[in-house]
file final-v3.cif (mmCIF, C-alpha atoms)
data_work
#
loop_
_atom_site.label_atom_id
_atom_site.label_comp_id
_atom_site.auth_asym_id
_atom_site.auth_seq_id
_atom_site.Cartn_x
_atom_site.Cartn_y
_atom_site.Cartn_z
CA MET A 1 23.33 -29.38 -28.22
CA GLU A 2 27.05 -28.84 -28.18
CA THR A 3 28.67 -28.71 -24.80
CA ALA A 4 30.45 -25.47 -24.09
CA LYS A 5 34.14 -25.56 -23.30
CA VAL A 6 34.93 -25.41 -19.59
CA LEU A 7 37.30 -22.52 -18.92
CA PHE A 8 38.09 -23.22 -15.27
CA THR A 9 36.42 -24.61 -12.18
CA ILE A 10 35.52 -23.02 -8.84
CA PHE A 11 34.94 -25.53 -6.04
CA GLY A 12 34.14 -28.17 -8.62
CA LEU A 13 31.64 -25.95 -10.46
CA GLU A 14 32.44 -25.68 -14.14
CA VAL A 15 32.67 -22.14 -15.45
CA THR A 16 32.00 -21.79 -19.17
CA GLY A 17 32.10 -18.82 -21.50
CA HIS A 18 28.40 -18.21 -20.89
CA VAL A 19 29.00 -17.76 -17.18
CA THR A 20 31.84 -15.29 -17.63
CA THR A 21 29.72 -13.30 -20.08
CA MET A 22 26.92 -13.27 -17.52
CA TRP A 23 29.32 -11.86 -14.95
CA ALA A 24 30.38 -9.20 -17.43
CA ILE A 25 26.76 -8.28 -18.14
CA MET A 26 25.95 -8.09 -14.42
CA ALA A 27 28.97 -5.85 -13.82
CA PHE A 28 28.07 -3.73 -16.85
CA LEU A 29 24.48 -3.22 -15.73
CA PHE A 30 25.53 -2.52 -12.16
CA VAL A 31 28.24 -0.02 -13.02
CA VAL A 32 26.20 1.78 -15.69
CA LEU A 33 23.11 2.08 -13.53
CA VAL A 34 25.07 3.21 -10.47
CA LEU A 35 27.02 5.78 -12.48
CA MET A 36 23.91 7.12 -14.15
CA THR A 37 21.98 7.57 -10.91
CA ARG A 38 24.85 8.75 -8.74
CA LYS A 39 23.93 12.40 -8.63
CA MET A 40 20.15 12.35 -8.52
CA ASP A 41 18.55 15.73 -8.81
CA LYS A 42 15.07 17.19 -8.89
CA VAL A 43 15.84 18.52 -12.35
CA PRO A 44 17.08 15.34 -14.04
CA GLY A 45 20.22 15.42 -16.10
CA ARG A 46 20.70 13.61 -19.39
CA PHE A 47 21.41 10.14 -17.97
CA GLN A 48 18.97 10.36 -15.10
CA CYS A 49 16.30 11.27 -17.64
CA LEU A 50 17.04 8.10 -19.62
CA ILE A 51 16.79 5.89 -16.55
CA GLU A 52 13.63 7.59 -15.32
CA TYR A 53 12.06 7.22 -18.74
CA THR A 54 12.92 3.49 -18.88
CA VAL A 55 11.76 2.72 -15.36
CA GLU A 56 8.55 4.69 -15.69
CA GLY A 57 7.74 3.14 -19.06
CA LEU A 58 8.27 -0.37 -17.68
CA LEU A 59 6.23 0.39 -14.58
CA ASN A 60 3.32 1.67 -16.65
CA PHE A 61 3.59 -1.38 -18.90
CA PHE A 62 3.39 -3.80 -15.96
CA SER A 63 0.68 -1.73 -14.23
CA GLY A 64 -1.52 -2.24 -17.27
CA MET A 65 -1.28 -6.01 -16.75
CA MET A 66 -1.27 -6.61 -13.01
CA GLY A 67 -2.54 -3.42 -11.41
CA LYS A 68 -0.55 -0.60 -9.90
CA LYS A 69 -0.07 -2.13 -6.44
CA MET A 70 1.17 -5.53 -7.62
CA ALA A 71 3.35 -3.94 -10.30
CA ARG A 72 5.05 -1.79 -7.66
CA ARG A 73 5.57 -4.79 -5.38
CA TYR A 74 7.12 -7.12 -7.97
CA PHE A 75 8.77 -4.42 -10.07
CA PRO A 76 12.35 -5.12 -8.88
CA LEU A 77 12.17 -8.73 -10.05
CA LEU A 78 10.47 -7.98 -13.36
CA CYS A 79 12.67 -5.02 -14.23
CA THR A 80 15.83 -6.97 -13.44
CA LEU A 81 14.69 -9.90 -15.56
CA PHE A 82 13.87 -7.57 -18.44
CA LEU A 83 17.16 -5.64 -18.38
CA PHE A 84 19.27 -8.77 -17.96
CA ILE A 85 17.56 -10.68 -20.76
CA LEU A 86 17.65 -7.65 -23.06
CA VAL A 87 21.37 -7.06 -22.61
CA SER A 88 22.08 -10.81 -22.90
CA ASN A 89 20.14 -11.06 -26.15
CA TRP A 90 21.86 -8.05 -27.61
CA SER A 91 25.31 -9.14 -26.48
CA GLY A 92 25.32 -11.65 -29.34
CA ILE A 93 25.48 -8.78 -31.85
CA LEU A 94 28.77 -7.44 -30.55
CA PRO A 95 31.77 -8.35 -32.69
CA LEU A 96 33.70 -11.48 -31.63
CA ALA A 97 30.73 -12.92 -29.72
CA GLY A 98 31.01 -16.69 -29.87
CA HIS A 99 34.51 -16.57 -31.37
CA VAL A 100 36.46 -15.59 -28.28
CA GLU A 101 36.71 -18.01 -25.38
CA GLY A 102 34.81 -16.56 -22.47
CA PHE A 103 32.45 -14.45 -24.54
CA ARG A 104 29.26 -16.22 -25.51
CA PRO A 105 25.76 -14.72 -25.37
CA PRO A 106 24.23 -16.31 -22.23
CA THR A 107 20.65 -16.64 -23.47
CA SER A 108 21.76 -18.80 -26.40
CA THR A 109 22.23 -21.76 -24.05
CA LEU A 110 19.40 -23.74 -22.51
CA SER A 111 20.97 -23.83 -19.04
CA VAL A 112 20.77 -20.05 -18.60
CA THR A 113 17.22 -19.70 -19.91
CA ALA A 114 16.13 -22.67 -17.80
CA ALA A 115 17.61 -20.98 -14.73
CA LEU A 116 15.78 -17.74 -15.57
CA ALA A 117 12.53 -19.65 -16.07
CA LEU A 118 13.02 -21.41 -12.71
CA VAL A 119 13.46 -18.02 -11.06
CA ALA A 120 10.17 -16.93 -12.63
CA PHE A 121 8.50 -20.19 -11.53
CA PHE A 122 9.58 -19.96 -7.89
CA ALA A 123 8.79 -16.24 -7.80
CA THR A 124 5.25 -17.09 -8.91
CA GLN A 125 4.81 -19.70 -6.17
CA PHE A 126 6.34 -17.37 -3.60
CA ALA A 127 4.04 -14.54 -4.65
CA GLY A 128 1.02 -16.83 -4.40
CA PHE A 129 1.87 -17.97 -0.85
CA ARG A 130 2.78 -14.44 0.20
CA GLU A 131 -0.46 -12.87 -0.94
CA LYS A 132 -2.90 -15.65 -0.09
CA GLY A 133 -1.19 -17.90 2.44
CA PHE A 134 -2.07 -21.56 2.18
CA GLY A 135 -5.28 -20.59 0.41
CA TYR A 136 -3.06 -20.37 -2.64
CA LEU A 137 -3.02 -24.15 -2.89
CA LYS A 138 -6.78 -24.08 -3.42
CA HIS A 139 -6.41 -22.93 -7.01
CA PHE A 140 -4.89 -26.31 -7.90
CA PHE A 141 -8.24 -27.92 -7.11
CA GLN A 142 -10.47 -25.57 -9.08
CA PRO A 143 -12.97 -25.87 -10.63
CA PHE A 144 -13.23 -29.54 -9.54
CA ILE A 145 -10.92 -31.66 -7.45
CA PHE A 146 -10.39 -33.99 -10.44
CA MET A 147 -8.68 -31.15 -12.29
CA PHE A 148 -5.66 -31.38 -9.97
CA PRO A 149 -3.38 -33.34 -12.37
CA LEU A 150 -4.17 -30.98 -15.24
CA ASN A 151 -3.58 -27.89 -13.10
CA LEU A 152 -0.31 -29.32 -11.87
CA ILE A 153 0.88 -30.08 -15.40
CA GLU A 154 -0.12 -26.59 -16.53
CA GLU A 155 1.92 -25.09 -13.71
CA LEU A 156 4.97 -27.24 -14.45
CA VAL A 157 4.89 -26.75 -18.22
CA ARG A 158 5.23 -22.97 -17.83
CA PRO A 159 8.96 -22.87 -17.01
CA LEU A 160 9.60 -25.39 -19.78
CA SER A 161 7.89 -23.29 -22.44
CA LEU A 162 9.40 -20.05 -21.08
CA SER A 163 12.94 -21.39 -21.28
CA LEU A 164 12.50 -23.14 -24.64
CA ARG A 165 10.95 -20.05 -26.24
CA LEU A 166 13.77 -17.74 -25.23
CA TYR A 167 16.53 -20.25 -25.97
CA GLY A 168 15.06 -21.31 -29.31
CA ASN A 169 14.62 -17.78 -30.56
CA ILE A 170 18.10 -16.55 -29.69
CA PHE A 171 19.91 -19.76 -30.62
CA GLY A 172 17.89 -20.13 -33.82
CA GLU A 173 18.56 -16.55 -34.86
CA GLU A 174 22.29 -17.07 -34.32
CA MET A 175 22.28 -20.28 -36.32
CA VAL A 176 20.45 -18.56 -39.19
CA VAL A 177 23.10 -15.80 -39.17
CA ALA A 178 25.84 -18.44 -39.18
CA VAL A 179 24.26 -20.28 -42.12
CA LEU A 180 23.72 -17.03 -44.04
CA LEU A 181 27.34 -16.11 -43.38
CA SER A 182 28.46 -19.25 -45.18
CA ILE A 183 26.04 -18.75 -48.12
CA ALA A 184 26.16 -14.98 -48.72
CA PRO A 185 28.84 -13.44 -46.52
CA TYR A 186 28.49 -9.76 -47.41
CA PHE A 187 25.05 -8.31 -46.92
CA ALA A 188 22.46 -10.87 -45.85
CA PRO A 189 23.76 -11.58 -42.31
CA ALA A 190 23.57 -7.86 -41.43
CA LEU A 191 19.88 -7.79 -42.35
CA MET A 192 19.24 -10.85 -40.23
CA GLN A 193 21.12 -9.30 -37.33
CA MET A 194 18.93 -6.21 -37.60
CA LEU A 195 15.94 -8.50 -37.24
CA GLY A 196 17.82 -10.11 -34.36
CA ILE A 197 17.85 -6.78 -32.48
CA LEU A 198 14.08 -6.63 -32.84
CA PHE A 199 13.63 -10.30 -31.82
CA GLY A 200 15.90 -9.87 -28.81
CA PHE A 201 13.80 -6.98 -27.59
CA ILE A 202 10.51 -8.78 -28.25
CA GLN A 203 11.66 -11.94 -26.49
CA ALA A 204 12.73 -9.94 -23.44
CA VAL A 205 9.31 -8.26 -23.41
CA VAL A 206 7.52 -11.58 -23.84
CA PHE A 207 9.46 -13.30 -21.04
CA THR A 208 8.77 -10.53 -18.53
CA THR A 209 5.17 -10.14 -19.69
CA LEU A 210 4.53 -13.82 -19.10
CA THR A 211 6.18 -13.70 -15.69
CA ALA A 212 4.01 -10.71 -14.79
CA ILE A 213 0.88 -12.51 -16.00
CA TYR A 214 1.76 -15.67 -14.03
CA ILE A 215 2.39 -13.66 -10.87
CA SER A 216 -0.80 -11.67 -11.26
CA SER A 217 -2.84 -14.83 -11.86
CA ALA A 218 -1.27 -16.51 -8.81
CA THR A 219 -2.07 -13.52 -6.61
CA ALA A 220 -5.53 -12.73 -8.04
CA ASP A 221 -8.54 -13.23 -5.79
CA ALA A 222 -10.27 -16.58 -6.14
CA HIS A 223 -13.25 -16.40 -8.44
CA MET B 224 25.96 -40.61 -47.34
CA ASN B 225 24.39 -43.60 -45.67
CA MET B 226 20.73 -44.38 -45.23
CA THR B 227 20.36 -42.97 -41.70
CA SER B 228 21.75 -39.59 -42.72
CA ALA B 229 19.44 -39.49 -45.71
CA ILE B 230 16.39 -40.19 -43.55
CA ILE B 231 17.48 -37.60 -41.00
CA ALA B 232 17.93 -34.99 -43.72
CA LEU B 233 14.44 -35.73 -45.00
CA ALA B 234 13.04 -35.55 -41.46
CA VAL B 235 14.70 -32.16 -40.85
CA ALA B 236 13.21 -30.76 -44.04
CA LEU B 237 9.78 -32.09 -43.13
CA VAL B 238 9.99 -30.79 -39.54
CA MET B 239 10.78 -27.28 -40.69
CA GLY B 240 8.15 -27.31 -43.42
CA ILE B 241 5.32 -28.68 -41.32
CA ALA B 242 6.19 -26.66 -38.23
CA THR B 243 5.98 -23.49 -40.31
CA ILE B 244 2.55 -24.04 -41.85
CA GLY B 245 0.38 -23.71 -38.76
CA PRO B 246 1.98 -20.65 -37.17
CA ALA B 247 2.20 -18.95 -40.58
CA LEU B 248 -1.55 -19.29 -41.09
CA GLY B 249 -2.18 -18.15 -37.52
CA GLN B 250 0.07 -15.13 -37.84
CA GLY B 251 -1.55 -14.19 -41.12
CA THR B 252 -4.99 -14.24 -39.55
CA ALA B 253 -3.82 -12.30 -36.50
CA ALA B 254 -2.10 -9.63 -38.61
CA ALA B 255 -5.11 -9.30 -40.93
CA LYS B 256 -7.51 -8.84 -38.02
CA ALA B 257 -5.20 -6.37 -36.29
CA MET B 258 -4.88 -4.29 -39.46
CA GLU B 259 -8.63 -4.33 -39.85
CA GLY B 260 -8.95 -3.10 -36.29
CA MET B 261 -6.35 -0.38 -36.85
CA ALA B 262 -8.12 0.83 -39.99
CA ARG B 263 -11.41 0.95 -38.17
CA GLN B 264 -10.11 2.61 -35.02
CA PRO B 265 -6.80 4.37 -35.71
CA GLU B 266 -6.69 5.68 -32.12
CA MET B 267 -6.27 2.08 -30.89
CA ALA B 268 -3.34 1.40 -33.24
CA GLY B 269 -0.60 1.62 -30.59
CA GLU B 270 -2.28 -0.80 -28.21
CA LEU B 271 -3.19 -3.19 -31.00
CA ARG B 272 0.39 -3.23 -32.25
CA THR B 273 1.76 -4.20 -28.83
CA THR B 274 -0.78 -6.97 -28.37
CA LEU B 275 -0.20 -8.17 -31.92
CA ILE B 276 3.56 -8.41 -31.42
CA ILE B 277 3.18 -10.38 -28.19
CA ALA B 278 0.65 -12.73 -29.82
CA MET B 279 3.00 -13.13 -32.79
CA ALA B 280 5.83 -14.09 -30.43
CA PHE B 281 3.65 -16.85 -28.98
CA MET B 282 2.89 -18.26 -32.39
CA GLU B 283 6.51 -17.89 -33.42
CA ALA B 284 7.45 -20.11 -30.47
CA LEU B 285 5.72 -23.09 -32.10
CA THR B 286 7.91 -22.81 -35.17
CA ILE B 287 10.93 -22.34 -32.93
CA TYR B 288 10.18 -25.66 -31.21
CA GLY B 289 10.28 -27.28 -34.62
CA LEU B 290 13.53 -25.47 -35.40
CA LEU B 291 15.09 -26.79 -32.17
CA ILE B 292 14.10 -30.35 -33.04
CA ALA B 293 15.56 -29.82 -36.52
CA PHE B 294 18.88 -28.69 -35.03
CA LEU B 295 18.91 -31.65 -32.64
CA LEU B 296 18.33 -33.99 -35.56
CA LEU B 297 21.04 -32.31 -37.64
CA LEU B 298 23.56 -32.91 -34.87
CA LYS B 299 22.79 -36.64 -35.01
CA MET B 300 23.52 -36.79 -38.71
#
call {"tool": "encode", "arguments": {"input": "final-v3.cif", "output": "structure tokens"}}
result
Amino acid sequence: METAKVLFTIFGLEVTGHVTTMWAIMAFLFVVLVLMTRKMDKVPGRFQCLIEYTVEGLLNFFSGMMGKKMARRYFPLLCTLFLFILVSNWSGILPLAGHVEGFRPPTSTLSVTAALALVAFFATQFAGFREKGFGYLKHFFQPFIFMFPLNLIEELVRPLSLSLRLYGNIFGEEMVVAVLLSIAPYFAPALMQMLGILFGFIQAVVFTTLTAIYISSATADAH
Amino acid sequence: MNMTSAIIALAVALVMGIATIGPALGQGTAAAKAMEGMARQPEMAGELRTTLIIAMAFMEALTIYGLLIAFLLLLKM
């Protein structure tokens, strides 16, 4: 994989175009959401309606998978993951993405998706310990004690597959657009980018769905 | 073009071809069954569609792994 160009360093940490785009996305989400929910009212306005619709739809979606109580408890994490991944995936469609220094879609690099997957991984472990205490460790030894290595591998493979799935889809889609652009520059890339909008949404849904499923299986009662 | 590049090009083509076969068959089966279910119970269509898309994304991931390997190989060419 090509190494991204380092723009500048902060305390020895290299800041690439992906990082600056991530900052921009964070600021965008923060500002938009704050502005839209600034004047909350019992009778929702246009923007408040949009936010309420999104949040309620997501909450119902997660409730169907992990139960109402758990969905409420872990909703901040899941909703943030979903919104951030969605905006990151779609940021690659904006003009000039990838051509301007400091503007590269974050989810098209393995480092960012690996970081997101690690967040999901540690959130799962944290949720397990929080709901079940040290009894959580018991599930590594079920159904027999010999299954411990397999259970451990299963647990550790999850962040790997999460990060590779997201990275591969977004990076692959971009590469296909780039190749199409060099073969048939006028119409074909636009079609592929339309598919890319769909894929970006689906991948965001899949990432958060899997995180929700992992959390709900870590916090489920032993059977 | 030297021998190594030629072998890598062949390997890339094979990776993409072989990595596509399995998931394609799986997705075909899944889509066929889902459509059957939708035709039988149209009221379940919405739920089936969501589940189908998520299942499709899982199968798609297998091809994507192959695609990643293909890109890695191409960079070595």
call {"tool": "closest_residue", "arguments": {"input": "final-v3.cif", "among": "A:Ala117, A:Leu7, A:Ile170, A:Leu58", "to": "chain B", "atoms": "only C-alpha atoms"}}
result
A:Ile170
call {"tool": "closest_atom_pairs", "arguments": {"input": "final-v3.cif", "of": "range 271-297 of chain B", "to": "range 240-254 of chain B", "cutoff": "6 Å", "atoms": "all atoms listed in the file", "output": "JSON lines"}}
result
{"residue": "B:Met282", "atom": "CA", "partner": "B:Pro246", "partner_atom": "CA", "distance": 5.4}
{"residue": "B:Thr286", "atom": "CA", "partner": "B:Ala242", "partner_atom": "CA", "distance": 5.2}
{"residue": "B:Gly289", "atom": "CA", "partner": "B:Ala242", "partner_atom": "CA", "distance": 5.5}
call {"tool": "closest_residue", "arguments": {"input": "final-v3.cif", "among": "A:Thr113, A:Gln193, A:Ser161, A:Thr9", "to": "Phe84 in chain A", "atoms": "all atoms listed in the file"}}
result
A:Thr113
call {"tool": "resolve_selection", "arguments": {"input": "final-v3.cif", "expression": "the PyMOL selection byres ((chain A) within 9 of (chain B))", "output": "list in words"}}
result
Met1, Glu2, Ser161, Leu164, Arg165, Leu166, Gly168, Asn169, Phe171, Gly172, Phe199, Ile202, Gln203, Val205, Val206 and Thr209 of chain A
call {"tool": "resolve_selection", "arguments": {"input": "final-v3.cif", "expression": "the PyMOL selection byres ((chain A and resi 77) around 10)", "output": "JSON, numbers by chain"}}
result
{"A": [73, 74, 75, 76, 78, 79, 80, 81, 82, 119, 120, 123, 208, 211, 212]}
call {"tool": "write_last_selection", "arguments": {"input": "final-v3.cif", "atoms": "C-alpha atoms", "output": "PDB file, in the frame of the given file"}}
result
ATOM      1  CA  ARG A  73       5.570  -4.790  -5.380  1.00  0.00           C
ATOM      2  CA  TYR A  74       7.120  -7.120  -7.970  1.00  0.00           C
ATOM      3  CA  PHE A  75       8.770  -4.420 -10.070  1.00  0.00           C
ATOM      4  CA  PRO A  76      12.350  -5.120  -8.880  1.00  0.00           C
ATOM      5  CA  LEU A  78      10.470  -7.980 -13.360  1.00  0.00           C
ATOM      6  CA  CYS A  79      12.670  -5.020 -14.230  1.00  0.00           C
ATOM      7  CA  THR A  80      15.830  -6.970 -13.440  1.00  0.00           C
ATOM      8  CA  LEU A  81      14.690  -9.900 -15.560  1.00  0.00           C
ATOM      9  CA  PHE A  82      13.870  -7.570 -18.440  1.00  0.00           C
ATOM     10  CA  VAL A 119      13.460 -18.020 -11.060  1.00  0.00           C
ATOM     11  CA  ALA A 120      10.170 -16.930 -12.630  1.00  0.00           C
ATOM     12  CA  ALA A 123       8.790 -16.240  -7.800  1.00  0.00           C
ATOM     13  CA  THR A 208       8.770 -10.530 -18.530  1.00  0.00           C
ATOM     14  CA  THR A 211       6.180 -13.700 -15.690  1.00  0.00           C
ATOM     15  CA  ALA A 212       4.010 -10.710 -14.790  1.00  0.00           C
TER      16      ALA A 212
END
call {"tool": "residues_around", "arguments": {"input": "final-v3.cif", "residues": "Asn225 in chain B", "least_positions_apart": "6", "cutoff": "12 Å", "atoms": "only C-alpha atoms", "output": "list in words"}}
result
Ile231, Ala232 and Met300 of chain B
call {"tool": "axis_aligned_box", "arguments": {"input": "final-v3.cif", "around": "range 254-267 of chain B", "padding_each_side": "5 Å", "output": "AutoDock Vina command-line options"}}
result
--center_x -6.8 --center_y -2.0 --center_z -35.9 --size_x 19.3 --size_y 25.3 --size_z 20.0
call {"tool": "resolve_selection", "arguments": {"input": "final-v3.cif", "expression": "the PyMOL selection byres ((chain A and resi 19) around 9)", "output": "VMD selection string"}}
result
chain A and resid 15 to 18 20 to 24 102 to 104 106 112
call {"tool": "write_last_selection", "arguments": {"input": "final-v3.cif", "atoms": "C-alpha atoms", "output": "PDB file, keeping the file's coordinate frame"}}
result
ATOM      1  CA  VAL A  15      32.670 -22.140 -15.450  1.00  0.00           C
ATOM      2  CA  THR A  16      32.000 -21.790 -19.170  1.00  0.00           C
ATOM      3  CA  GLY A  17      32.100 -18.820 -21.500  1.00  0.00           C
ATOM      4  CA  HIS A  18      28.400 -18.210 -20.890  1.00  0.00           C
ATOM      5  CA  THR A  20      31.840 -15.290 -17.630  1.00  0.00           C
ATOM      6  CA  THR A  21      29.720 -13.300 -20.080  1.00  0.00           C
ATOM      7  CA  MET A  22      26.920 -13.270 -17.520  1.00  0.00           C
ATOM      8  CA  TRP A  23      29.320 -11.860 -14.950  1.00  0.00           C
ATOM      9  CA  ALA A  24      30.380  -9.200 -17.430  1.00  0.00           C
ATOM     10  CA  GLY A 102      34.810 -16.560 -22.470  1.00  0.00           C
ATOM     11  CA  PHE A 103      32.450 -14.450 -24.540  1.00  0.00           C
ATOM     12  CA  ARG A 104      29.260 -16.220 -25.510  1.00  0.00           C
ATOM     13  CA  PRO A 106      24.230 -16.310 -22.230  1.00  0.00           C
ATOM     14  CA  VAL A 112      20.770 -20.050 -18.600  1.00  0.00           C
TER      15      VAL A 112
END
call {"tool": "atom_distance", "arguments": {"input": "final-v3.cif", "atom1": "CA of Asn89 in chain A", "atom2": "CA of Phe62 in chain A"}}
result
20.9 Å
call {"tool": "atom_distance", "arguments": {"input": "final-v3.cif", "atom1": "CA of Val43 in chain A", "atom2": "CA of Asn60 in chain A"}}
result
21.4 Å
call {"tool": "atom_distance", "arguments": {"input": "final-v3.cif", "atom1": "CA of Ser63 in chain A", "atom2": "CA of Val31 in chain A"}}
result
27.6 Å
call {"tool": "closest_residue", "arguments": {"input": "final-v3.cif", "among": "A:Phe61, A:Phe148, A:Phe187, A:Phe122", "to": "Glu270 in chain B", "atoms": "only C-alpha atoms"}}
result
A:Phe61
call {"tool": "closest_residue", "arguments": {"input": "final-v3.cif", "among": "A:Glu101, A:Pro189, A:Ala115, A:Ala71", "to": "Ile85 in chain A", "atoms": "all atoms listed in the file"}}
result
A:Ala115
call {"tool": "residues_around", "arguments": {"input": "final-v3.cif", "residues": "Ser216 in chain A", "least_positions_apart": "4", "cutoff": "10 Å", "atoms": "all atoms listed in the file", "output": "list of chain:residue names"}}
result
A:Met65, A:Met66, A:Gly67, A:Met70, A:Ala71, A:Tyr74, A:Thr124, A:Ala127, A:Gly128, A:Leu210, A:Thr211, A:Ala212, A:Ala220, A:Asp221
call {"tool": "write_last_selection", "arguments": {"input": "final-v3.cif", "atoms": "C-alpha atoms", "output": "compact mmCIF listing (two decimals), keeping the file's coordinate frame"}}
result
# COMPACT_ATOMS: atom_id res chain seq x y z
CA MET A 65 -1.28 -6.01 -16.75
CA MET A 66 -1.27 -6.61 -13.01
CA GLY A 67 -2.54 -3.42 -11.41
CA MET A 70 1.17 -5.53 -7.62
CA ALA A 71 3.35 -3.94 -10.30
CA TYR A 74 7.12 -7.12 -7.97
CA THR A 124 5.25 -17.09 -8.91
CA ALA A 127 4.04 -14.54 -4.65
CA GLY A 128 1.02 -16.83 -4.40
CA LEU A 210 4.53 -13.82 -19.10
CA THR A 211 6.18 -13.70 -15.69
CA ALA A 212 4.01 -10.71 -14.79
CA ALA A 220 -5.53 -12.73 -8.04
CA ASP A 221 -8.54 -13.23 -5.79
call {"tool": "closest_residue", "arguments": {"input": "final-v3.cif", "among": "A:Glu173, A:Asp41, A:Glu56, A:Glu14", "to": "Trp90 in chain A", "atoms": "only C-alpha atoms"}}
result
A:Glu173
call {"tool": "closest_residue", "arguments": {"input": "final-v3.cif", "among": "B:Ile230, B:Ala262, B:Leu271, B:Ala293", "to": "Met175 in chain A", "atoms": "all atoms listed in the file"}}
result
B:Ala293
call {"tool": "decode", "arguments": {"input": "final-v3.cif", "residues": "range 272-285 of chain B", "atoms": "N, CA, C and O atoms", "output": "CSV table (one decimal), in the first residue's frame"}}
result
chain,number,residue,atom,x,y,z
B,272,ARG,N,-35.2,-7.9,2.8
B,272,ARG,CA,-34.2,-7.1,2.0
B,272,ARG,C,-33.1,-6.7,2.8
B,272,ARG,O,-31.9,-6.8,2.4
B,273,THR,N,-33.4,-6.2,4.0
B,273,THR,CA,-32.3,-5.8,4.9
B,273,THR,C,-31.3,-6.9,5.2
B,273,THR,O,-30.1,-6.8,5.1
B,274,THR,N,-31.9,-8.0,5.6
B,274,THR,CA,-31.0,-9.2,6.0
B,274,THR,C,-30.2,-9.6,4.8
B,274,THR,O,-29.0,-9.9,4.9
B,275,LEU,N,-30.9,-9.6,3.6
B,275,LEU,CA,-30.2,-10.0,2.4
B,275,LEU,C,-29.0,-9.1,2.1
B,275,LEU,O,-27.9,-9.6,1.8
B,276,ILE,N,-29.2,-7.8,2.3
B,276,ILE,CA,-28.1,-6.9,1.9
B,276,ILE,C,-26.9,-7.1,2.9
B,276,ILE,O,-25.8,-7.1,2.5
B,277,ILE,N,-27.2,-7.3,4.2
B,277,ILE,CA,-26.2,-7.5,5.1
B,277,ILE,C,-25.4,-8.8,4.8
B,277,ILE,O,-24.2,-8.9,4.8
B,278,ALA,N,-26.2,-9.9,4.5
B,278,ALA,CA,-25.6,-11.1,4.2
B,278,ALA,C,-24.7,-11.0,2.9
B,278,ALA,O,-23.6,-11.5,2.8
B,279,MET,N,-25.2,-10.2,1.9
B,279,MET,CA,-24.5,-10.0,0.7
B,279,MET,C,-23.1,-9.3,1.0
B,279,MET,O,-22.1,-9.6,0.4
B,280,ALA,N,-23.2,-8.3,1.9
B,280,ALA,CA,-22.0,-7.6,2.3
B,280,ALA,C,-20.9,-8.5,2.9
B,280,ALA,O,-19.7,-8.4,2.6
B,281,PHE,N,-21.4,-9.5,3.6
B,281,PHE,CA,-20.4,-10.5,4.2
B,281,PHE,C,-19.8,-11.3,3.1
B,281,PHE,O,-18.6,-11.5,3.1
B,282,MET,N,-20.6,-11.7,2.1
B,282,MET,CA,-20.0,-12.5,1.1
B,282,MET,C,-19.1,-11.7,0.2
B,282,MET,O,-18.1,-12.2,-0.3
B,283,GLU,N,-19.5,-10.5,0.0
B,283,GLU,CA,-18.7,-9.5,-0.8
B,283,GLU,C,-17.3,-9.4,-0.2
B,283,GLU,O,-16.3,-9.2,-0.9
B,284,ALA,N,-17.2,-9.4,1.1
B,284,ALA,CA,-16.0,-9.2,1.8
B,284,ALA,C,-14.9,-10.2,1.3
B,284,ALA,O,-13.8,-9.9,1.2
B,285,LEU,N,-15.4,-11.5,1.0
B,285,LEU,CA,-14.4,-12.5,0.6
B,285,LEU,C,-13.8,-12.1,-0.7
B,285,LEU,O,-12.6,-12.2,-0.9
